[in-house]
4 protein chains.
Amino acid sequence: MNKNRLEAFSDGVIAIIITIMVLELKVPHEPEFSALVEKLPTFLSYVVSFIYVGIYWNNHHHLLHTSKRVNGAILWANLHLLFWLSLLPFATGWMGENHFAPATTAFYGIILLFAALAFNILQIKIIKEHGKEESTLAKAVGSGIKEKISLSCYFVGIPLSYFVNQWFGIALFVLPAFMWFIPDRRIEREIMKEDE
Amino acid sequence: MNKNRLEAFSDGVIAIIITIMVLELKVPHEPEFSALVEKLPTFLSYVVSFIYVGIYWNNHHHLLHTSKRVNGAILWANLHLLFWLSLLPFATGWMGENHFAPATTAFYGIILLFAALAFNILQIKIIKEHGKEESTLAKAVGSGIKEKISLSCYFVGIPLSYFVNQWFGIALFVLPAFMWFIPDRRIEREIMKEDE
Amino acid sequence: MNKNRLEAFSDGVIAIIITIMVLELKVPHEPEFSALVEKLPTFLSYVVSFIYVGIYWNNHHHLLHTSKRVNGAILWANLHLLFWLSLLPFATGWMGENHFAPATTAFYGIILLFAALAFNILQIKIIKEHGKEESTLAKAVGSGIKEKISLSCYFVGIPLSYFVNQWFGIALFVLPAFMWFIPDRRIEREIMKEDE
Amino acid sequence: MNKNRLEAFSDGVIAIIITIMVLELKVPHEPEFSALVEKLPTFLSYVVSFIYVGIYWNNHHHLLHTSKRVNGAILWANLHLLFWLSLLPFATGWMGENHFAPATTAFYGIILLFAALAFNILQIKIIKEHGKEESTLAKAVGSGIKEKISLSCYFVGIPLSYFVNQWFGIALFVLPAFMWFIPDRRIEREIMKEDE
């Protein structure tokens, strides 16, 4: 299995996900600005998801960049990640249409959680294939502090959204986005070290 | 006709199929988890189809990898395969929305059957173009035992779904997925032999 | 402007067109085979359009293969062709849903006609850029007999569909598909001559 | 981050945007030409948007062509541009379905305005990364007269559409399209100078 083809296929799927998400933003029938105001929650949820998919695309590229070989396990770990990302338009639409109702916000967090777990599994599979010693990725990830914070945010945010107040959950779901917004410096640093 | 362009186009179509399938998972209007429970059959059918498309993408890559030349027959055999795969979102949505009703499950099997036949035709056309003697693929496929088992599963599963019980059919439709889950080792083995 | 990028972009758009067309095949609500029978005209129109888009993809590749340079006119002639092809899902859905009603069949022919004209314009622009003398394409197309027959079929088929009987029109719309089914041999022959 | 991958991803997203826009052109139920007449405004808005996306694709290519390096800021400026372009199908559908009602036309202009601003930001980020002295783009853009005219058209057209008459607005929104229709000659000229 060719790494480039895996990358191209993933890019294709991610490009489609980020674009069809806008189809959940249904065109209102009334030709007044007030009709748009009702769409505001759907729009906001679209913005958050757009940024999240952008982050995943970006970090996915960094992840695969460190990978020299691709095996069956990496291939399916990658499809597994794409699977959870493909559910993001659904979760986004449900949350937006229902104005961030508790259950829909919690569900959005669940999808984010599974996508994050899938990303971690993919990371583990790539490290395993290359051996912990020689893996650029293993050195870059280190103790995985960013991964642990993100997962904690989702773990805490999901019950908080449902049982306490959804806005606490949303705050916790947006937090990791800020943290990952900048492409993973750790990986870039390790790649540059390798090149020296 | 360039092999790379055939591959890139197929990848594009498969990436779109795997992603638009999620559009059949319509966003429920009620903001309660109970609304998601109703979506469970659609979700499950989506999972099965996602895995199936993933398998086809994967094996399609292996198939074309063995191909050195592309002619008109291969080109149309490839489009023929994409045609049946493109009907998978429709079949998935119908089966999921109707909670695996017998007719819908049988129809899902019919689409899987035609996709499998199309894959076999593509295999035959590639072997024919390269000559049985020099074809890596011909040696890899051998007696085609995996192909025969898959086709048998679909052939038996379709009437079983409709006339007896759909769950027998579903079991028979999921079986080949397990068998093909791991990329075709036979082809990998032959490619490696060639390289030696 | 890079030829490869024009090709890749066109491939992307064509891959999406051929795939979203299936979205017009709406999932029926009844879980019976009889519900599929009602979908038969939509399915048939989907088959015809799938083959047509496949033919355009194929011949588009041949066309660009002969092109060494790309200028602004070629770029827009190419987008113009993609524009008419992008209306094919709409025309297909309208014709299929209305069981080949005269007006819808005539409209389908109109879209085919404009796509064919756009293809001819693209051909002319490529020949012009390369100069009639040195153009591989100009020699390959020659008197353009296949183009003339296709256009005539559409020109005759459109009024026939609307004023006489839509089945005459459909026969005339399917005819060029048979003629173009095999990738343009004339171009292949000229490319091979060049290579000698 | 690789420039080619940024380009390929952007191409993918733009190809999807230009194609899913046609999904807003809903298939009418009546099989008469009169049903198409009602679709005319939606069709016209589709034509304008198709041309706009074509222009952006074209100029986006020119823009990235001048770029030698890609950093995080360029990456997000690029996603920011894609974000506003992804809202074009929504704005197009709303304007078309409501027959160019004032609010919908003004909103269409707002999306065009934000897309144009995003394009300018991307330009600035690319120039900044390469340093004003050595930047091909900085020399090409010069005083940015075309950018200033476009932005002015949108700025004036938006209130005009809403408070006076939407057709003034539409005229002002179509004007920049004519101006940008031809790929940015300034950039081409500078690239050629560099090559000398």
# chains A, B, ... in the order shown; residues from 1 in each chain; ligands from 1

call {"tool": "calpha_fit_and_write", "arguments": {"fixed": "chain C", "moving": "chain B", "output": "short mmCIF file (atom, residue, chain, number, x, y, z; two decimals) with C-alpha atoms, in the first residue's frame"}}
result
data_model
loop_
_atom_site.label_atom_id
_atom_site.label_comp_id
_atom_site.auth_asym_id
_atom_site.auth_seq_id
_atom_site.Cartn_x
_atom_site.Cartn_y
_atom_site.Cartn_z
CA MET B 1 -1.82 27.46 -16.05
CA ASN B 2 -0.66 23.91 -15.62
CA LYS B 3 -2.27 21.21 -17.80
CA ASN B 4 -2.09 18.64 -15.01
CA ARG B 5 -3.99 20.82 -12.62
CA LEU B 6 -6.70 21.48 -15.22
CA GLU B 7 -6.96 17.74 -15.74
CA ALA B 8 -7.07 16.97 -12.00
CA PHE B 9 -9.73 19.62 -11.37
CA SER B 10 -11.87 18.36 -14.29
CA ASP B 11 -11.50 14.80 -13.03
CA GLY B 12 -12.64 15.91 -9.59
CA VAL B 13 -15.72 17.70 -10.91
CA ILE B 14 -16.63 14.78 -13.23
CA ALA B 15 -16.17 12.27 -10.38
CA ILE B 16 -18.55 14.32 -8.22
CA ILE B 17 -21.12 14.72 -11.02
CA ILE B 18 -21.20 10.98 -11.75
CA THR B 19 -21.65 10.23 -8.04
CA ILE B 20 -24.15 12.87 -6.87
CA MET B 21 -26.41 11.86 -9.75
CA VAL B 22 -27.34 8.86 -7.62
CA LEU B 23 -28.71 11.24 -4.96
CA GLU B 24 -31.62 11.94 -7.34
CA LEU B 25 -32.53 8.28 -6.85
CA LYS B 26 -34.50 8.96 -3.66
CA VAL B 27 -34.87 6.10 -1.19
CA PRO B 28 -38.51 4.84 -1.29
CA HIS B 29 -40.37 4.57 2.00
CA GLU B 30 -42.14 1.24 1.45
CA PRO B 31 -39.99 -1.81 2.12
CA GLU B 32 -41.38 -3.75 -0.85
CA PHE B 33 -39.90 -4.61 -4.24
CA SER B 34 -42.93 -2.92 -5.83
CA ALA B 35 -41.53 0.39 -4.54
CA LEU B 36 -38.41 -0.26 -6.60
CA VAL B 37 -40.43 -0.86 -9.75
CA GLU B 38 -41.65 2.73 -9.54
CA LYS B 39 -38.02 3.81 -9.41
CA LEU B 40 -37.22 1.96 -12.62
CA PRO B 41 -37.44 4.99 -14.97
CA THR B 42 -35.20 7.02 -12.63
CA PHE B 43 -32.81 4.10 -12.50
CA LEU B 44 -32.73 3.76 -16.30
CA SER B 45 -32.11 7.48 -16.76
CA TYR B 46 -29.31 7.17 -14.19
CA VAL B 47 -27.73 4.34 -16.19
CA VAL B 48 -27.80 6.39 -19.42
CA SER B 49 -26.31 9.45 -17.70
CA PHE B 50 -23.67 7.39 -15.94
CA ILE B 51 -22.53 6.01 -19.31
CA TYR B 52 -22.60 9.50 -20.85
CA VAL B 53 -20.47 11.00 -18.07
CA GLY B 54 -18.12 8.03 -18.38
CA ILE B 55 -17.79 8.71 -22.10
CA TYR B 56 -17.11 12.40 -21.51
CA TRP B 57 -14.49 11.64 -18.88
CA ASN B 58 -12.81 9.25 -21.23
CA ASN B 59 -12.83 11.51 -24.29
CA HIS B 60 -11.93 14.54 -22.20
CA HIS B 61 -8.78 12.74 -21.22
CA HIS B 62 -7.95 11.98 -24.84
CA LEU B 63 -8.62 15.58 -25.80
CA LEU B 64 -6.31 17.05 -23.17
CA HIS B 65 -3.71 14.43 -23.93
CA THR B 66 -3.14 16.07 -27.32
CA SER B 67 -2.81 19.49 -25.72
CA LYS B 68 0.65 20.75 -24.93
CA ARG B 69 -0.24 24.24 -23.69
CA VAL B 70 -3.22 25.64 -21.80
CA ASN B 71 -4.38 29.26 -22.14
CA GLY B 72 -7.24 31.31 -20.71
CA ALA B 73 -9.58 30.41 -23.58
CA ILE B 74 -9.00 26.67 -23.10
CA LEU B 75 -9.50 27.07 -19.39
CA TRP B 76 -12.90 28.70 -19.77
CA ALA B 77 -13.94 26.39 -22.61
CA ASN B 78 -13.21 23.56 -20.19
CA LEU B 79 -15.24 25.13 -17.37
CA HIS B 80 -18.03 25.72 -19.90
CA LEU B 81 -18.08 22.00 -20.66
CA LEU B 82 -18.11 21.15 -16.94
CA PHE B 83 -21.02 23.57 -16.49
CA TRP B 84 -23.28 21.67 -18.91
CA LEU B 85 -22.19 18.33 -17.52
CA SER B 86 -23.06 19.59 -14.03
CA LEU B 87 -26.66 20.08 -15.19
CA LEU B 88 -26.93 16.42 -16.20
CA PRO B 89 -27.96 15.21 -12.68
CA PHE B 90 -30.79 17.77 -12.72
CA ALA B 91 -31.96 16.79 -16.22
CA THR B 92 -31.62 13.09 -15.37
CA GLY B 93 -33.67 13.44 -12.20
CA TRP B 94 -36.41 15.43 -13.93
CA MET B 95 -36.70 12.97 -16.80
CA GLY B 96 -36.58 9.88 -14.56
CA GLU B 97 -39.05 11.12 -11.96
CA ASN B 98 -41.56 12.00 -14.68
CA HIS B 99 -41.21 8.68 -16.49
CA PHE B 100 -39.67 10.16 -19.65
CA ALA B 101 -42.44 12.71 -20.20
CA PRO B 102 -41.96 14.54 -23.57
CA ALA B 103 -40.81 17.89 -22.16
CA THR B 104 -38.36 16.29 -19.76
CA THR B 105 -36.87 14.07 -22.47
CA ALA B 106 -36.51 17.03 -24.82
CA PHE B 107 -34.79 18.97 -22.03
CA TYR B 108 -32.42 16.08 -21.41
CA GLY B 109 -31.53 16.24 -25.10
CA ILE B 110 -30.95 19.99 -24.84
CA ILE B 111 -28.41 19.47 -22.06
CA LEU B 112 -26.69 16.73 -24.10
CA LEU B 113 -26.64 19.10 -27.08
CA PHE B 114 -25.04 21.93 -25.13
CA ALA B 115 -22.49 19.57 -23.58
CA ALA B 116 -21.60 18.31 -27.07
CA LEU B 117 -21.30 21.88 -28.38
CA ALA B 118 -19.10 22.76 -25.40
CA PHE B 119 -16.91 19.77 -26.17
CA ASN B 120 -16.57 20.97 -29.76
CA ILE B 121 -15.69 24.48 -28.64
CA LEU B 122 -13.01 23.06 -26.35
CA GLN B 123 -11.65 21.05 -29.30
CA ILE B 124 -11.53 24.18 -31.48
CA LYS B 125 -9.76 26.22 -28.76
CA ILE B 126 -7.11 23.53 -28.28
CA ILE B 127 -6.51 23.27 -32.05
CA LYS B 128 -6.29 27.07 -32.29
CA GLU B 129 -3.70 27.31 -29.51
CA HIS B 130 -1.46 24.74 -31.14
CA GLY B 131 -1.84 25.94 -34.74
CA LYS B 132 -3.67 23.88 -37.32
CA GLU B 133 -0.47 22.62 -38.86
CA GLU B 134 1.20 21.18 -35.79
CA SER B 135 -1.96 20.17 -33.94
CA THR B 136 -2.24 16.42 -33.33
CA LEU B 137 -5.87 16.98 -32.53
CA ALA B 138 -6.67 18.73 -35.83
CA LYS B 139 -5.33 15.78 -37.78
CA ALA B 140 -7.18 13.33 -35.52
CA VAL B 141 -10.53 15.05 -35.72
CA GLY B 142 -10.26 15.55 -39.48
CA SER B 143 -13.64 16.44 -40.93
CA GLY B 144 -15.28 15.76 -37.55
CA ILE B 145 -17.76 13.26 -38.89
CA LYS B 146 -18.52 11.72 -35.47
CA GLU B 147 -19.11 15.17 -33.97
CA LYS B 148 -21.48 16.06 -36.81
CA ILE B 149 -23.51 12.86 -36.44
CA SER B 150 -23.85 13.34 -32.66
CA LEU B 151 -24.99 16.93 -32.98
CA SER B 152 -27.48 15.94 -35.69
CA CYS B 153 -28.91 13.24 -33.41
CA TYR B 154 -29.53 15.77 -30.67
CA PHE B 155 -30.88 18.41 -33.06
CA VAL B 156 -33.40 15.98 -34.52
CA GLY B 157 -34.13 14.17 -31.26
CA ILE B 158 -35.16 17.25 -29.27
CA PRO B 159 -38.19 18.34 -31.36
CA LEU B 160 -39.05 14.69 -32.02
CA SER B 161 -39.23 14.01 -28.26
CA TYR B 162 -41.52 16.91 -27.63
CA PHE B 163 -43.77 17.03 -30.69
CA VAL B 164 -43.92 13.42 -31.87
CA ASN B 165 -42.88 10.71 -29.42
CA GLN B 166 -40.27 10.79 -26.70
CA TRP B 167 -39.05 7.27 -27.46
CA PHE B 168 -37.79 8.40 -30.87
CA GLY B 169 -35.84 11.06 -29.02
CA ILE B 170 -34.41 8.63 -26.50
CA ALA B 171 -33.29 6.31 -29.31
CA LEU B 172 -31.50 9.25 -30.95
CA PHE B 173 -29.89 10.29 -27.65
CA VAL B 174 -28.60 6.80 -26.94
CA LEU B 175 -27.15 6.38 -30.44
CA PRO B 176 -24.19 8.79 -30.00
CA ALA B 177 -23.32 7.03 -26.73
CA PHE B 178 -22.77 3.79 -28.66
CA MET B 179 -20.68 5.68 -31.20
CA TRP B 180 -18.45 7.30 -28.57
CA PHE B 181 -18.40 4.33 -26.20
CA ILE B 182 -15.04 3.27 -27.56
CA PRO B 183 -12.42 5.95 -26.78
CA ASP B 184 -11.68 8.12 -29.79
CA ARG B 185 -9.53 5.88 -31.98
CA ARG B 186 -8.70 8.77 -34.32
CA ILE B 187 -6.85 10.58 -31.54
CA GLU B 188 -5.06 7.41 -30.39
CA ARG B 189 -3.97 6.75 -33.96
CA GLU B 190 -2.54 10.26 -34.38
CA ILE B 191 -0.76 10.12 -31.01
CA MET B 192 0.86 6.84 -32.03
CA LYS B 193 1.89 8.31 -35.40
CA GLU B 194 3.52 11.22 -33.58
CA ASP B 195 5.45 8.86 -31.35
CA GLU B 196 6.87 6.93 -34.28
#

call {"tool": "select_by_dssp", "arguments": {"residues": "chain B", "states": "helix (DSSP H, G or I)", "output": "JSON, numbers by chain"}}
result
{"B": [3, 4, 5, 6, 7, 8, 9, 10, 11, 12, 13, 14, 15, 16, 17, 18, 19, 20, 21, 22, 23, 24, 33, 34, 35, 36, 37, 38, 40, 41, 42, 43, 44, 45, 46, 47, 48, 49, 50, 51, 52, 53, 54, 55, 56, 57, 58, 59, 60, 61, 62, 63, 64, 65, 72, 73, 74, 75, 76, 77, 78, 79, 80, 81, 82, 83, 84, 85, 86, 88, 89, 90, 91, 92, 93, 94, 95, 96, 97, 102, 103, 104, 105, 106, 107, 108, 109, 110, 111, 112, 113, 114, 115, 116, 117, 118, 119, 120, 121, 122, 123, 124, 125, 126, 127, 128, 129, 130, 136, 137, 138, 139, 140, 141, 145, 146, 147, 148, 149, 150, 151, 152, 153, 154, 155, 156, 157, 158, 159, 160, 161, 162, 163, 164, 166, 167, 168, 169, 170, 171, 172, 173, 174, 175, 176, 177, 178, 179, 180, 181, 185, 186, 187, 188, 189, 190, 191, 192, 193, 194, 195]}

call {"tool": "decode", "arguments": {"residues": "range 89-109 of chain C", "atoms": "N, CA, C and O atoms", "output": "short mmCIF file (atom, residue, chain, number, x, y, z; two decimals), in the first residue's frame"}}
result
data_model
loop_
_atom_site.label_atom_id
_atom_site.label_comp_id
_atom_site.auth_asym_id
_atom_site.auth_seq_id
_atom_site.Cartn_x
_atom_site.Cartn_y
_atom_site.Cartn_z
N PRO C 89 -27.18 15.83 -13.77
CA PRO C 89 -27.94 15.23 -12.68
C PRO C 89 -29.36 15.81 -12.58
O PRO C 89 -30.33 15.07 -12.37
N PHE C 90 -29.47 17.12 -12.73
CA PHE C 90 -30.78 17.78 -12.70
C PHE C 90 -31.68 17.24 -13.82
O PHE C 90 -32.82 16.83 -13.59
N ALA C 91 -31.16 17.24 -15.06
CA ALA C 91 -31.95 16.78 -16.21
C ALA C 91 -32.31 15.31 -16.08
O ALA C 91 -33.43 14.89 -16.42
N THR C 92 -31.37 14.52 -15.55
CA THR C 92 -31.61 13.09 -15.37
C THR C 92 -32.73 12.86 -14.36
O THR C 92 -33.63 12.05 -14.58
N GLY C 93 -32.66 13.58 -13.24
CA GLY C 93 -33.67 13.43 -12.20
C GLY C 93 -35.04 13.84 -12.70
O GLY C 93 -36.04 13.15 -12.44
N TRP C 94 -35.11 14.94 -13.44
CA TRP C 94 -36.41 15.43 -13.92
C TRP C 94 -37.02 14.42 -14.89
O TRP C 94 -38.22 14.12 -14.81
N MET C 95 -36.21 13.91 -15.81
CA MET C 95 -36.69 12.95 -16.80
C MET C 95 -37.10 11.65 -16.13
O MET C 95 -38.17 11.09 -16.41
N GLY C 96 -36.29 11.16 -15.20
CA GLY C 96 -36.57 9.88 -14.55
C GLY C 96 -37.81 9.93 -13.69
O GLY C 96 -38.68 9.06 -13.77
N GLU C 97 -37.90 10.99 -12.88
CA GLU C 97 -39.04 11.11 -11.96
C GLU C 97 -40.36 11.23 -12.70
O GLU C 97 -41.41 10.85 -12.18
N ASN C 98 -40.32 11.82 -13.89
CA ASN C 98 -41.54 12.01 -14.67
C ASN C 98 -41.70 10.96 -15.76
O ASN C 98 -42.42 11.19 -16.75
N HIS C 99 -41.02 9.82 -15.57
CA HIS C 99 -41.18 8.68 -16.49
C HIS C 99 -41.05 9.07 -17.95
O HIS C 99 -41.92 8.76 -18.76
N PHE C 100 -39.99 9.78 -18.26
CA PHE C 100 -39.65 10.16 -19.64
C PHE C 100 -40.78 10.95 -20.33
O PHE C 100 -41.04 10.74 -21.51
N ALA C 101 -41.42 11.84 -19.59
CA ALA C 101 -42.44 12.71 -20.19
C ALA C 101 -41.78 13.54 -21.30
O ALA C 101 -40.59 13.89 -21.21
N PRO C 102 -42.56 13.87 -22.37
CA PRO C 102 -41.97 14.53 -23.55
C PRO C 102 -41.08 15.73 -23.22
O PRO C 102 -39.93 15.79 -23.67
N ALA C 103 -41.60 16.67 -22.43
CA ALA C 103 -40.82 17.89 -22.16
C ALA C 103 -39.50 17.56 -21.46
O ALA C 103 -38.46 18.13 -21.76
N THR C 104 -39.57 16.61 -20.52
CA THR C 104 -38.36 16.29 -19.76
C THR C 104 -37.32 15.59 -20.63
O THR C 104 -36.12 15.81 -20.48
N THR C 105 -37.80 14.76 -21.56
CA THR C 105 -36.87 14.07 -22.47
C THR C 105 -36.23 15.07 -23.42
O THR C 105 -35.02 15.01 -23.69
N ALA C 106 -37.05 16.00 -23.92
CA ALA C 106 -36.51 17.04 -24.81
C ALA C 106 -35.46 17.86 -24.06
O ALA C 106 -34.39 18.16 -24.61
N PHE C 107 -35.76 18.18 -22.80
CA PHE C 107 -34.80 18.97 -22.01
C PHE C 107 -33.50 18.22 -21.80
O PHE C 107 -32.41 18.79 -21.88
N TYR C 108 -33.63 16.92 -21.56
CA TYR C 108 -32.43 16.07 -21.41
C TYR C 108 -31.57 16.16 -22.67
O TYR C 108 -30.35 16.30 -22.60
N GLY C 109 -32.24 16.12 -23.81
CA GLY C 109 -31.53 16.24 -25.09
C GLY C 109 -30.85 17.60 -25.23
O GLY C 109 -29.75 17.71 -25.78
#
